[in-house]
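What follows is final02.txt (compact mmCIF, C-alpha atoms and all ligand atoms).
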# COMPACT_ATOMS: atom_id res chain seq x y z
CA MET A 7 20.49 2.33 -2.23
CA LYS A 8 18.18 4.27 0.04
CA ALA A 9 14.99 2.63 1.27
CA ILE A 10 12.42 3.22 3.97
CA GLN A 11 12.32 0.42 6.51
CA VAL A 12 9.90 -0.52 9.27
CA HIS A 13 11.66 -2.44 12.07
CA GLU A 14 8.65 -2.46 14.39
CA THR A 15 5.04 -1.59 13.69
CA GLY A 16 3.58 1.63 15.05
CA GLY A 17 3.26 5.33 14.25
CA PRO A 18 4.69 7.27 11.28
CA GLU A 19 7.99 7.65 13.17
CA LYS A 20 8.59 3.94 12.53
CA LEU A 21 9.33 4.80 8.88
CA VAL A 22 13.12 5.20 8.86
CA ILE A 23 15.56 5.67 5.99
CA ALA A 24 18.22 2.99 5.65
CA ASP A 25 21.11 2.21 3.30
CA VAL A 26 20.56 -1.29 1.98
CA PRO A 27 22.08 -3.35 -0.86
CA VAL A 28 20.49 -3.18 -4.31
CA PRO A 29 18.64 -6.50 -4.73
CA MET A 30 19.44 -8.93 -7.59
CA PRO A 31 16.74 -10.23 -9.91
CA GLY A 32 16.30 -14.02 -9.88
CA LYS A 33 14.54 -16.28 -12.35
CA GLY A 34 11.40 -14.64 -13.75
CA GLN A 35 12.21 -11.36 -11.98
CA ALA A 36 13.22 -7.85 -13.01
CA LEU A 37 15.15 -5.15 -11.17
CA VAL A 38 13.40 -1.77 -11.47
CA ARG A 39 15.10 1.57 -10.82
CA ILE A 40 12.20 3.35 -9.17
CA SER A 41 11.41 6.91 -10.06
CA THR A 42 8.17 7.50 -8.15
CA ALA A 43 6.30 5.46 -5.55
CA GLY A 44 2.59 5.82 -4.85
CA VAL A 45 1.34 6.22 -1.29
CA ASN A 46 -1.79 4.25 -0.40
CA PHE A 47 -3.85 3.69 2.72
CA ILE A 48 -2.73 0.05 2.68
CA ASP A 49 0.79 1.29 3.51
CA ILE A 50 -0.62 2.61 6.79
CA TYR A 51 -2.31 -0.75 7.55
CA PHE A 52 1.06 -2.52 7.16
CA ARG A 53 2.89 0.14 9.20
CA ILE A 54 0.48 -0.11 12.15
CA GLY A 55 0.37 -3.92 11.95
CA LEU A 56 -3.30 -4.25 10.91
CA TYR A 57 -2.00 -6.13 7.85
CA LYS A 58 0.86 -8.50 8.71
CA ALA A 59 4.36 -8.46 7.20
CA ASP A 60 7.64 -9.99 8.33
CA LEU A 61 9.94 -7.39 9.93
CA PRO A 62 11.84 -5.45 8.86
CA PHE A 63 10.04 -4.53 5.66
CA THR A 64 10.04 -1.73 3.13
CA PRO A 65 6.54 -0.33 2.66
CA GLY A 66 4.92 0.83 -0.56
CA MET A 67 2.74 -1.20 -2.92
CA GLU A 68 3.06 0.78 -6.13
CA ALA A 69 5.68 2.47 -8.28
CA ALA A 70 6.90 3.38 -11.73
CA GLY A 71 10.45 3.34 -13.02
CA VAL A 72 12.83 1.85 -15.56
CA VAL A 73 13.90 -1.79 -15.86
CA GLU A 74 17.59 -1.97 -14.93
CA ALA A 75 18.20 -5.72 -15.30
CA ILE A 76 16.30 -8.95 -15.80
CA GLY A 77 16.80 -12.48 -14.50
CA GLU A 78 16.53 -15.74 -16.43
CA ASP A 79 13.38 -16.59 -18.37
CA VAL A 80 11.97 -13.08 -18.45
CA THR A 81 9.96 -12.37 -21.59
CA GLU A 82 7.62 -9.57 -20.53
CA VAL A 83 10.14 -6.68 -20.23
CA GLN A 84 13.65 -5.63 -21.29
CA PRO A 85 16.24 -3.38 -19.64
CA GLY A 86 15.36 0.23 -20.46
CA ASP A 87 11.57 -0.32 -20.51
CA ARG A 88 9.48 2.23 -18.63
CA VAL A 89 7.23 0.20 -16.34
CA ALA A 90 4.73 0.46 -13.50
CA TYR A 91 3.27 -2.01 -11.01
CA ALA A 92 1.04 -2.40 -7.97
CA MET A 93 0.41 -4.81 -5.09
CA GLN A 94 4.02 -5.88 -4.52
CA ARG A 95 5.50 -4.48 -1.31
CA GLY A 96 8.76 -2.51 -1.20
CA SER A 97 8.35 0.56 -3.39
CA TYR A 98 9.55 3.20 -0.87
CA ALA A 99 13.06 2.50 -2.20
CA GLN A 100 15.36 3.40 -5.05
CA TYR A 101 15.28 -0.13 -6.50
CA ALA A 102 12.95 -3.11 -6.24
CA VAL A 103 12.89 -6.65 -7.60
CA LEU A 104 9.51 -7.75 -8.95
CA PRO A 105 8.04 -10.75 -10.69
CA ALA A 106 8.40 -9.64 -14.32
CA TRP A 107 4.85 -10.69 -15.20
CA GLN A 108 3.52 -8.04 -12.80
CA LEU A 109 5.21 -5.19 -14.68
CA VAL A 110 3.23 -3.18 -17.19
CA LYS A 111 4.83 -0.97 -19.82
CA VAL A 112 3.96 2.70 -19.47
CA PRO A 113 2.63 4.35 -22.64
CA ASP A 114 5.19 6.75 -24.20
CA ARG A 115 2.94 9.74 -23.76
CA LEU A 116 2.45 9.16 -20.02
CA SER A 117 4.88 10.37 -17.35
CA LEU A 118 6.21 7.90 -14.79
CA ASP A 119 4.71 10.09 -12.05
CA LYS A 120 1.22 9.73 -13.47
CA ALA A 121 1.70 6.01 -14.06
CA ALA A 122 2.76 5.53 -10.43
CA ALA A 123 -0.23 7.60 -9.35
CA VAL A 124 -2.94 5.59 -11.05
CA MET A 125 -1.90 1.93 -10.96
CA LEU A 126 -3.23 0.83 -7.59
CA GLN A 127 -6.22 3.11 -7.07
CA GLY A 128 -7.12 3.11 -10.78
CA MET A 129 -7.13 -0.68 -11.11
CA THR A 130 -9.10 -0.84 -7.85
CA ALA A 131 -11.75 1.50 -9.21
CA HIS A 132 -11.73 -0.61 -12.39
CA TYR A 133 -12.38 -3.96 -10.72
CA LEU A 134 -14.99 -2.49 -8.36
CA THR A 135 -17.04 -0.97 -11.19
CA HIS A 136 -16.37 -3.62 -13.89
CA SER A 137 -16.12 -6.91 -11.98
CA THR A 138 -17.24 -6.82 -8.33
CA PHE A 139 -20.47 -5.05 -9.23
CA PRO A 140 -20.43 -4.38 -12.99
CA LEU A 141 -22.43 -1.17 -13.03
CA GLN A 142 -24.98 -0.75 -15.75
CA HIS A 143 -26.61 2.29 -17.24
CA GLY A 144 -29.33 3.61 -14.93
CA GLN A 145 -28.07 1.94 -11.76
CA THR A 146 -27.19 4.00 -8.69
CA CYS A 147 -24.10 3.62 -6.51
CA LEU A 148 -23.01 5.20 -3.25
CA VAL A 149 -19.29 6.03 -3.06
CA HIS A 150 -17.79 6.99 0.30
CA ALA A 151 -14.68 9.20 0.66
CA ALA A 152 -15.25 10.28 -2.93
CA ALA A 153 -12.57 13.01 -2.97
CA GLY A 154 -9.84 10.54 -1.99
CA GLY A 155 -7.38 8.83 -4.29
CA ALA A 156 -9.49 5.74 -4.89
CA GLY A 157 -12.77 7.63 -4.49
CA GLN A 158 -12.25 10.10 -7.34
CA LEU A 159 -11.43 7.25 -9.70
CA VAL A 160 -14.41 5.12 -8.60
CA VAL A 161 -16.70 8.09 -9.26
CA GLN A 162 -15.24 8.67 -12.72
CA LEU A 163 -15.41 5.02 -13.81
CA ALA A 164 -18.93 4.63 -12.39
CA LYS A 165 -20.06 7.63 -14.46
CA LYS A 166 -18.39 6.21 -17.57
CA ARG A 167 -20.47 3.07 -17.09
CA GLY A 168 -23.63 5.18 -17.07
CA ALA A 169 -24.43 4.94 -13.37
CA ARG A 170 -25.83 7.64 -11.14
CA VAL A 171 -23.31 8.43 -8.39
CA ILE A 172 -24.16 9.57 -4.88
CA ALA A 173 -20.93 10.53 -3.11
CA THR A 174 -20.03 11.19 0.52
CA VAL A 175 -17.16 13.42 1.64
CA GLY A 176 -15.85 15.04 4.81
CA SER A 177 -15.89 18.74 3.88
CA GLU A 178 -17.29 21.37 1.49
CA ALA A 179 -13.93 21.60 -0.29
CA LYS A 180 -14.00 17.83 -0.84
CA ALA A 181 -17.61 18.08 -2.06
CA ALA A 182 -16.49 20.34 -4.90
CA ILE A 183 -13.80 17.82 -5.85
CA ALA A 184 -16.30 14.93 -5.86
CA ARG A 185 -18.63 16.97 -8.07
CA ASP A 186 -15.77 17.75 -10.46
CA ALA A 187 -15.08 14.02 -10.66
CA GLY A 188 -18.67 13.59 -11.84
CA ALA A 189 -20.74 12.81 -8.74
CA ASP A 190 -24.42 13.58 -9.31
CA GLU A 191 -25.14 14.23 -5.63
CA VAL A 192 -22.79 14.82 -2.73
CA ILE A 193 -23.50 14.33 0.97
CA LEU A 194 -21.33 15.66 3.82
CA TYR A 195 -21.34 12.50 5.93
CA ASN A 196 -19.81 14.12 9.02
CA THR A 197 -22.64 16.61 9.41
CA GLN A 198 -25.62 15.26 7.45
CA ASP A 199 -27.75 12.16 8.07
CA TRP A 200 -26.24 10.45 5.04
CA VAL A 201 -28.39 7.32 5.29
CA ALA A 202 -31.63 9.36 5.29
CA GLU A 203 -30.26 11.55 2.48
CA THR A 204 -29.37 8.53 0.36
CA ARG A 205 -32.81 7.01 0.86
CA ARG A 206 -34.44 10.34 0.04
CA MET A 207 -32.37 10.69 -3.15
CA THR A 208 -33.48 7.22 -4.26
CA GLU A 209 -37.17 7.75 -3.39
CA GLY A 210 -36.84 5.28 -0.52
CA ARG A 211 -35.66 2.44 -2.76
CA GLY A 212 -31.98 2.45 -1.84
CA VAL A 213 -28.91 2.20 -4.06
CA ASP A 214 -27.88 -0.85 -6.08
CA VAL A 215 -24.36 -0.95 -4.66
CA VAL A 216 -22.28 0.76 -1.97
CA TYR A 217 -18.53 1.06 -2.50
CA ASP A 218 -17.39 1.52 1.11
CA SER A 219 -13.70 2.12 1.83
CA VAL A 220 -14.28 3.81 5.19
CA GLY A 221 -15.02 0.58 7.05
CA ALA A 222 -16.07 0.51 10.70
CA ALA A 223 -17.63 3.99 10.84
CA THR A 224 -19.91 3.56 7.82
CA PHE A 225 -20.53 -0.19 7.50
CA HIS A 226 -23.95 -0.46 9.18
CA GLY A 227 -25.23 2.79 7.69
CA SER A 228 -24.17 1.56 4.26
CA LEU A 229 -26.30 -1.59 4.66
CA ASP A 230 -29.27 0.70 5.35
CA CYS A 231 -28.67 2.56 2.09
CA LEU A 232 -29.07 -0.54 -0.09
CA ARG A 233 -32.09 -1.72 -2.04
CA PRO A 234 -33.29 -5.28 -1.40
CA ARG A 235 -30.75 -7.69 -2.93
CA GLY A 236 -28.25 -4.85 -3.32
CA MET A 237 -24.49 -5.35 -3.01
CA MET A 238 -22.39 -4.14 -0.10
CA VAL A 239 -18.76 -3.82 -1.21
CA THR A 240 -16.60 -3.13 1.83
CA PHE A 241 -13.13 -2.60 0.39
CA GLY A 242 -11.20 -0.60 2.99
CA ASN A 243 -10.66 0.23 6.66
CA ALA A 244 -9.81 3.94 6.73
CA SER A 245 -11.77 4.34 10.01
CA GLY A 246 -10.86 0.85 11.28
CA PRO A 247 -11.76 -2.71 10.28
CA VAL A 248 -15.42 -3.78 10.23
CA PRO A 249 -16.24 -6.01 13.24
CA ALA A 250 -17.85 -9.44 12.81
CA ILE A 251 -21.52 -9.61 11.84
CA GLU A 252 -24.18 -12.34 11.84
CA PRO A 253 -25.11 -13.48 8.31
CA LEU A 254 -28.74 -13.19 9.42
CA LEU A 255 -28.28 -9.41 9.36
CA LEU A 256 -28.04 -9.59 5.56
CA ASN A 257 -31.42 -11.31 5.48
CA GLN A 258 -32.99 -8.69 7.77
CA LYS A 259 -31.62 -5.82 5.68
CA GLY A 260 -33.09 -7.19 2.44
CA SER A 261 -31.29 -10.35 1.25
CA LEU A 262 -28.16 -8.31 0.69
CA PHE A 263 -24.91 -9.47 -0.90
CA LEU A 264 -21.70 -8.72 0.99
CA THR A 265 -18.15 -8.89 -0.37
CA ARG A 266 -14.73 -7.81 0.91
CA PRO A 267 -12.52 -7.71 -2.20
CA THR A 268 -8.87 -6.81 -2.77
CA LEU A 269 -6.99 -5.78 -5.89
CA ALA A 270 -4.50 -8.65 -5.73
CA HIS A 271 -7.25 -11.16 -6.54
CA HIS A 272 -8.41 -9.01 -9.47
CA CYS A 273 -5.02 -8.89 -11.23
CA ALA A 274 -4.41 -12.57 -10.78
CA THR A 275 -3.31 -13.30 -14.35
CA ARG A 276 -1.17 -11.39 -16.84
CA GLN A 277 -4.21 -11.03 -19.10
CA GLU A 278 -6.35 -9.48 -16.35
CA LEU A 279 -3.52 -7.19 -15.25
CA LEU A 280 -2.95 -5.94 -18.81
CA TRP A 281 -6.68 -5.32 -19.26
CA ARG A 282 -7.11 -3.23 -16.12
CA ALA A 283 -3.73 -1.45 -16.27
CA GLY A 284 -4.20 -0.78 -19.99
CA ASP A 285 -7.59 0.81 -19.39
CA VAL A 286 -6.39 3.09 -16.60
CA LEU A 287 -2.97 4.03 -18.03
CA ASN A 288 -4.45 4.79 -21.45
CA GLY A 289 -7.35 6.57 -19.76
CA VAL A 290 -4.98 8.96 -18.02
CA ALA A 291 -2.73 9.31 -21.09
CA SER A 292 -5.68 10.28 -23.29
CA GLY A 293 -7.19 12.62 -20.71
CA ALA A 294 -10.34 10.49 -20.39
CA LEU A 295 -9.47 9.86 -16.73
CA ALA A 296 -8.55 12.86 -14.58
CA LEU A 297 -5.85 12.45 -11.99
CA GLU A 298 -5.31 14.82 -9.07
CA ILE A 299 -1.79 14.70 -7.61
CA HIS A 300 -2.13 16.12 -4.11
CA LYS A 301 1.59 16.32 -3.33
CA THR A 302 4.93 14.67 -4.06
CA TYR A 303 7.03 14.02 -0.93
CA PRO A 304 10.76 13.23 -0.77
CA LEU A 305 11.75 9.78 0.57
CA SER A 306 12.48 11.42 3.93
CA GLY A 307 8.91 12.77 3.90
CA ALA A 308 7.24 9.34 3.94
CA ALA A 309 6.14 9.85 7.56
CA ALA A 310 4.61 13.23 6.70
CA ALA A 311 2.75 11.61 3.81
CA HIS A 312 1.30 8.98 6.14
CA GLU A 313 0.31 11.63 8.69
CA ASP A 314 -1.43 13.75 6.05
CA LEU A 315 -3.30 10.78 4.58
CA ALA A 316 -4.43 9.43 7.96
CA ALA A 317 -5.53 12.88 9.16
CA ARG A 318 -7.90 13.27 6.16
CA ARG A 319 -5.94 16.34 5.02
CA THR A 320 -5.48 15.09 1.46
CA THR A 321 -7.48 14.68 -1.74
CA GLY A 322 -6.34 12.70 -4.77
CA LYS A 323 -2.94 11.04 -4.92
CA LEU A 324 0.16 11.25 -2.72
CA LEU A 325 3.50 10.34 -4.33
CA ILE A 326 7.05 9.83 -3.11
CA ASP A 327 10.02 10.90 -5.24
CA VAL A 328 12.39 8.19 -4.02
CA ASN A 329 15.44 10.05 -5.34
CA ALA A 330 14.69 13.36 -3.58
P1 LIG B 1 -7.93 8.26 0.46
O1 LIG B 1 -7.23 9.23 -0.38
O2 LIG B 1 -9.33 7.90 0.10
O3 LIG B 1 -7.89 8.76 1.94
C1 LIG B 1 -8.74 8.25 2.90
C2 LIG B 1 -10.01 9.08 3.06
O4 LIG B 1 -10.94 8.32 3.81
C3 LIG B 1 -9.81 10.36 3.84
O5 LIG B 1 -9.35 11.43 3.06
C4 LIG B 1 -11.19 10.59 4.39
O6 LIG B 1 -11.98 11.35 3.47
C5 LIG B 1 -11.79 9.18 4.49
N1 LIG B 1 -11.92 8.76 5.89
C6 LIG B 1 -13.09 8.51 6.52
N2 LIG B 1 -12.88 8.18 7.79
C7 LIG B 1 -11.56 8.25 8.01
C8 LIG B 1 -10.75 8.03 9.14
N3 LIG B 1 -11.26 7.70 10.33
N4 LIG B 1 -9.41 8.20 9.02
C9 LIG B 1 -8.88 8.53 7.84
N5 LIG B 1 -9.60 8.75 6.71
C10 LIG B 1 -10.93 8.60 6.79
O7 LIG B 1 -7.05 6.93 0.56
P2 LIG B 1 -6.83 5.79 -0.54
O8 LIG B 1 -7.42 6.20 -1.83
O9 LIG B 1 -5.42 5.36 -0.50
O10 LIG B 1 -7.68 4.58 0.05
C11 LIG B 1 -9.06 4.73 0.26
C12 LIG B 1 -9.58 3.46 0.82
O11 LIG B 1 -9.66 2.48 -0.20
C13 LIG B 1 -8.77 2.86 1.97
O12 LIG B 1 -9.66 2.32 2.91
C14 LIG B 1 -8.03 1.74 1.27
O13 LIG B 1 -7.68 0.71 2.13
C15 LIG B 1 -9.06 1.30 0.26
N6 LIG B 1 -8.47 0.57 -0.87
C16 LIG B 1 -8.78 -0.74 -1.00
C17 LIG B 1 -8.30 -1.47 -2.04
C18 LIG B 1 -8.76 -2.87 -2.23
O14 LIG B 1 -8.47 -3.50 -3.26
N7 LIG B 1 -9.50 -3.46 -1.30
C19 LIG B 1 -7.33 -0.90 -2.99
C20 LIG B 1 -7.13 0.53 -2.82
C21 LIG B 1 -7.67 1.23 -1.77
P3 LIG B 1 -13.15 12.33 4.03
O15 LIG B 1 -12.47 13.44 4.75
O16 LIG B 1 -13.88 12.73 2.82
O17 LIG B 1 -13.96 11.47 4.96
Any chance you could put this one into structure tokens?
Ligand code: NDP
Amino acid sequence: MKAIQVHETGGPEKLVIADVPVPMPGKGQALVRISTAGVNFIDIYFRIGLYKADLPFTPGMEAAGVVEAIGEDVTEVQPGDRVAYAMQRGSYAQYAVLPAWQLVKVPDRLSLDKAAAVMLQGMTAHYLTHSTFPLQHGQTCLVHAAAGGAGQLVVQLAKKRGARVIATVGSEAKAAIARDAGADEVILYNTQDWVAETRRMTEGRGVDVVYDSVGAATFHGSLDCLRPRGMMVTFGNASGPVPAIEPLLLNQKGSLFLTRPTLAHHCATRQELLWRAGDVLNGVASGALALEIHKTYPLSGAAAAHEDLAARRTTGKLLIDVNA
């Protein structure tokens, strides 16, 4: 089968196509014939070595496809089932072996492309808005990079929970996308004083929660946007990882709460996975959740996908057709 491999960490050119054997499913595992893989910023972190993986590795943390074979003691899926998954590495490939309990059946009325597109970012938006800081009607959140893959979904789910959404984006074109996703106010954070704007929009009070995926560039400003005892959710490093801080800073900024969550810990059981995946897959299938597919790249275009994502040229979701 064809798979992308990374033999040493570095730039997009380190993503090379290789011919490798189709893996065999062991006990509790399933072999999935992948149709579409999702591209996520986390794939860049692994490629550059910010997140560690044994070399060589196949990147990609999300896909949809069809179960080809199952190992012993698998009860969750059968050969022929249409399935999707997230947070298991190796999806930039034509086949992958996964723990069967991490596979979710795709509703009949949903395409595999759309399922691959929403699993990781959709479940992330779900845990951020339902579990990390369960937004309530009348609360206000600040969402950075709101036209991105995760951002558009965080905005939509925050609105569904009745919150007011202040969004930041990098361009006018992205502002229109954030507004379409439901943002009440949009700030261009590259050109406007977004901290002052956020405080002005909240009559000086500050927001209840910041969902910050940008990381180093926005971290300190985000703290200044929060109300006393508000929650800082730093969940990504698009501009680089946040450096160390003194806990005393949280006291000085208003007895703030700080968390650095990841999806893997929010799909820790089959029950939790089925809840979140069910909500987002059915949301897209019914049209309640809008999904923007920016572009589908061939397997040989994985490097171009990474370049586009890192250069802030994209909005919505990037996919890889692993058979093209
Ligand atoms: P996006 O589609 O959001 O793309 C990243 C966006 O971040 C860019 O389009 C850009 O938007 C903004 N950005 C700001 N500064 C930079 C920078 N220096 N370099 C590149 N982009 C920048 O990507 P994803 O939806 O895949 O991921 C968004 C973030 O969410 C990532 O940080 C990712 O790690 C995080 N994430 C975390 C998860 C978790 O569980 N912790 C799970 C899923 C995603 P603009 O031009 O508007 O500034």
Self-check item: Neighbour list for Pro18 (chain A) as number ranges by chain, cut-off 6 Å, only C-alpha atoms, skip fewer than 2 positions in-chain
Solution: A: 20-21, 309
Practice problem: Collect all residues with atoms no farther than 6 Å from ligand LIG 1 (chain B), counting only C-alpha atoms and all ligand atoms, and output them as number ranges by chain. | Solution: A: 46-48, 127, 130, 151, 153-157, 175-176, 219-220, 241-245, 267-269, 315-318, 320-322
Exercise. Neighbourhood query: residues within 12 Å of (-27.7, -9.3, 6.0), file coordinates, counting only C-alpha atoms; return as a PyMOL selection string.
Key: chain A and resi 225-226+228-230+232-238+250-265
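Around the coordinate (15.9, -9.9, -15.6), residues that reach within 6 Å when counting only C-alpha atoms are Pro31, Gln35, Ala36, Ala75, Ile76, Gly77, Glu78 and Val80 of chain A.
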Residues as selected, C-alpha atoms, written as a PDB file, in the coordinates of the input, can you do that?
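See selection_5.pdb below for the written result:
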ATOM      1  CA  PRO A  31      16.740 -10.230  -9.910  1.00  0.00           C
ATOM      2  CA  GLN A  35      12.210 -11.360 -11.980  1.00  0.00           C
ATOM      3  CA  ALA A  36      13.220  -7.850 -13.010  1.00  0.00           C
ATOM      4  CA  ALA A  75      18.200  -5.720 -15.300  1.00  0.00           C
ATOM      5  CA  ILE A  76      16.300  -8.950 -15.800  1.00  0.00           C
ATOM      6  CA  GLY A  77      16.800 -12.480 -14.500  1.00  0.00           C
ATOM      7  CA  GLU A  78      16.530 -15.740 -16.430  1.00  0.00           C
ATOM      8  CA  VAL A  80      11.970 -13.080 -18.450  1.00  0.00           C
TER       9      VAL A  80
END
Could you give me, as a PDB file with C-alpha atoms, in the coordinates of the input, the residues within 6 Å of region 117-122 of chain A, counting only C-alpha atoms and dropping anything in the same chain fewer than 4 positions from it?
ATOM      1  CA  THR A  42       8.170   7.500  -8.150  1.00  0.00           C
ATOM      2  CA  GLY A  44       2.590   5.820  -4.850  1.00  0.00           C
ATOM      3  CA  ALA A  69       5.680   2.470  -8.280  1.00  0.00           C
ATOM      4  CA  ALA A  70       6.900   3.380 -11.730  1.00  0.00           C
TER       5      ALA A  70
END
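One distance worth recording is that between CA of Leu148 (chain A) and CA of Arg167 (chain A), which is 14.2 Å.
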Exercise. List the neighbours of Thr146 (chain A) out to 6 Å using all atoms listed in the file; skip same-chain residues closer than 3 positions along the sequence, and give me the result as a PyMOL selection string.
Key: chain A and resi 169-171+213-214
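The space separating CA of Ala9 (chain A) from CA of Ala308 (chain A) comes to 10.6 Å.
Coordinates place CA of Ser41 (chain A) at a distance of 9.9 Å from CA of Ala90 (chain A).
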Given all atoms listed in the file, how would the per-residue table for region 69-128 of chain A near region 286-305 of chain A read, listing every residue at most 8 Å away with its closest atom pair and distance in Å to one decimal, sorted by chain and number, as a Markdown table?
| residue | atom | partner | partner_atom | distance |
| --- | --- | --- | --- | --- |
| A:Tyr98 | CA | A:Leu305 | CA | 7.1 |
| A:Ala99 | CA | A:Leu305 | CA | 7.9 |
| A:Val112 | CA | A:Leu287 | CA | 7.2 |
| A:Pro113 | CA | A:Asn288 | CA | 7.2 |
| A:Arg115 | CA | A:Ala291 | CA | 6.3 |
| A:Leu116 | CA | A:Ala291 | CA | 5.3 |
| A:Lys120 | CA | A:Leu297 | CA | 7.7 |
| A:Ala121 | CA | A:Leu287 | CA | 6.4 |
| A:Ala123 | CA | A:Ile299 | CA | 7.5 |
| A:Val124 | CA | A:Val286 | CA | 7.0 |
| A:Met125 | CA | A:Val286 | CA | 7.3 |
| A:Gly128 | CA | A:Val286 | CA | 5.9 |
Would you put the residues from that selection into a file with C-alpha atoms, as a short mmCIF file (atom, residue, chain, number, x, y, z; two decimals), keeping the file's coordinate frame?
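The resulting again.cif:
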data_model
loop_
_atom_site.label_atom_id
_atom_site.label_comp_id
_atom_site.auth_asym_id
_atom_site.auth_seq_id
_atom_site.Cartn_x
_atom_site.Cartn_y
_atom_site.Cartn_z
CA TYR A 98 9.55 3.20 -0.87
CA ALA A 99 13.06 2.50 -2.20
CA VAL A 112 3.96 2.70 -19.47
CA PRO A 113 2.63 4.35 -22.64
CA ARG A 115 2.94 9.74 -23.76
CA LEU A 116 2.45 9.16 -20.02
CA LYS A 120 1.22 9.73 -13.47
CA ALA A 121 1.70 6.01 -14.06
CA ALA A 123 -0.23 7.60 -9.35
CA VAL A 124 -2.94 5.59 -11.05
CA MET A 125 -1.90 1.93 -10.96
CA GLY A 128 -7.12 3.11 -10.78
#
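The smallest atom-to-atom distance between Cys231 (chain A) and any of A:Val201, A:Val72, A:Tyr217, A:Met207, using all atoms listed in the file, is found for A:Val201.
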Name the residues in contact with Ile54 (chain A) at a cut-off of 8 Å, using all atoms listed in the file, excluding same-chain residues fewer than 5 positions from it; report them as a PDB file with C-alpha atoms, keeping the file's coordinate frame.
ATOM      1  CA  THR A  15       5.040  -1.590  13.690  1.00  0.00           C
ATOM      2  CA  GLY A  16       3.580   1.630  15.050  1.00  0.00           C
ATOM      3  CA  GLY A  17       3.260   5.330  14.250  1.00  0.00           C
TER       4      GLY A  17
END
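Shortest separation to Met67 (chain A) among A:Thr240, A:Ala270, A:Gly210, A:Leu280 occurs at residue A:Ala270, atoms counted being all atoms listed in the file.
Taking all atoms listed in the file into account, Asp218 (chain A) lies nearest to A:Ala152 out of the set A:Ala184, A:Ala152, A:Ala164, A:Leu325.
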Self-check item: 12 Å contact set for Leu104 (chain A), only C-alpha atoms, chain neighbours under 2 positions out, as a VMD selection string
Solution: chain A and resid 29 to 40 67 to 71 73 to 77 80 82 to 83 89 to 97 101 to 102 106 to 110
Mind dumping region 43-55 of chain A from that block, keeping N, CA and C atoms, as an mmCIF file, in the first residue's frame?
data_model
loop_
_atom_site.group_PDB
_atom_site.id
_atom_site.type_symbol
_atom_site.label_atom_id
_atom_site.label_comp_id
_atom_site.auth_asym_id
_atom_site.auth_seq_id
_atom_site.Cartn_x
_atom_site.Cartn_y
_atom_site.Cartn_z
ATOM 1 N N ALA A 43 -8.389 10.997 4.490
ATOM 2 C CA ALA A 43 -7.746 11.361 5.756
ATOM 3 C C ALA A 43 -7.926 12.855 5.986
ATOM 4 N N GLY A 44 -8.125 13.238 7.238
ATOM 5 C CA GLY A 44 -8.199 14.658 7.577
ATOM 6 C C GLY A 44 -6.803 15.191 7.859
ATOM 7 N N VAL A 45 -6.592 16.449 7.498
ATOM 8 C CA VAL A 45 -5.321 17.129 7.816
ATOM 9 C C VAL A 45 -5.589 18.055 8.999
ATOM 10 N N ASN A 46 -4.714 17.994 9.991
ATOM 11 C CA ASN A 46 -4.874 18.825 11.186
ATOM 12 C C ASN A 46 -3.541 19.459 11.556
ATOM 13 N N PHE A 47 -3.636 20.565 12.290
ATOM 14 C CA PHE A 47 -2.405 21.250 12.696
ATOM 15 C C PHE A 47 -1.500 20.326 13.504
ATOM 16 N N ILE A 48 -2.069 19.390 14.224
ATOM 17 C CA ILE A 48 -1.253 18.468 15.029
ATOM 18 C C ILE A 48 -0.300 17.666 14.142
ATOM 19 N N ASP A 49 -0.689 17.450 12.875
ATOM 20 C CA ASP A 49 0.189 16.708 11.948
ATOM 21 C C ASP A 49 1.480 17.498 11.710
ATOM 22 N N ILE A 50 1.352 18.818 11.711
ATOM 23 C CA ILE A 50 2.533 19.677 11.544
ATOM 24 C C ILE A 50 3.416 19.585 12.794
ATOM 25 N N TYR A 51 2.794 19.589 13.992
ATOM 26 C CA TYR A 51 3.587 19.496 15.227
ATOM 27 C C TYR A 51 4.417 18.210 15.242
ATOM 28 N N PHE A 52 3.819 17.093 14.797
ATOM 29 C CA PHE A 52 4.582 15.830 14.750
ATOM 30 C C PHE A 52 5.675 15.905 13.683
ATOM 31 N N ARG A 53 5.345 16.492 12.527
ATOM 32 C CA ARG A 53 6.336 16.554 11.435
ATOM 33 C C ARG A 53 7.559 17.371 11.828
ATOM 34 N N ILE A 54 7.334 18.492 12.537
ATOM 35 C CA ILE A 54 8.482 19.349 12.903
ATOM 36 C C ILE A 54 9.164 18.873 14.182
ATOM 37 N N GLY A 55 8.562 17.908 14.881
ATOM 38 C CA GLY A 55 9.191 17.372 16.085
ATOM 39 C C GLY A 55 8.765 18.064 17.370
#
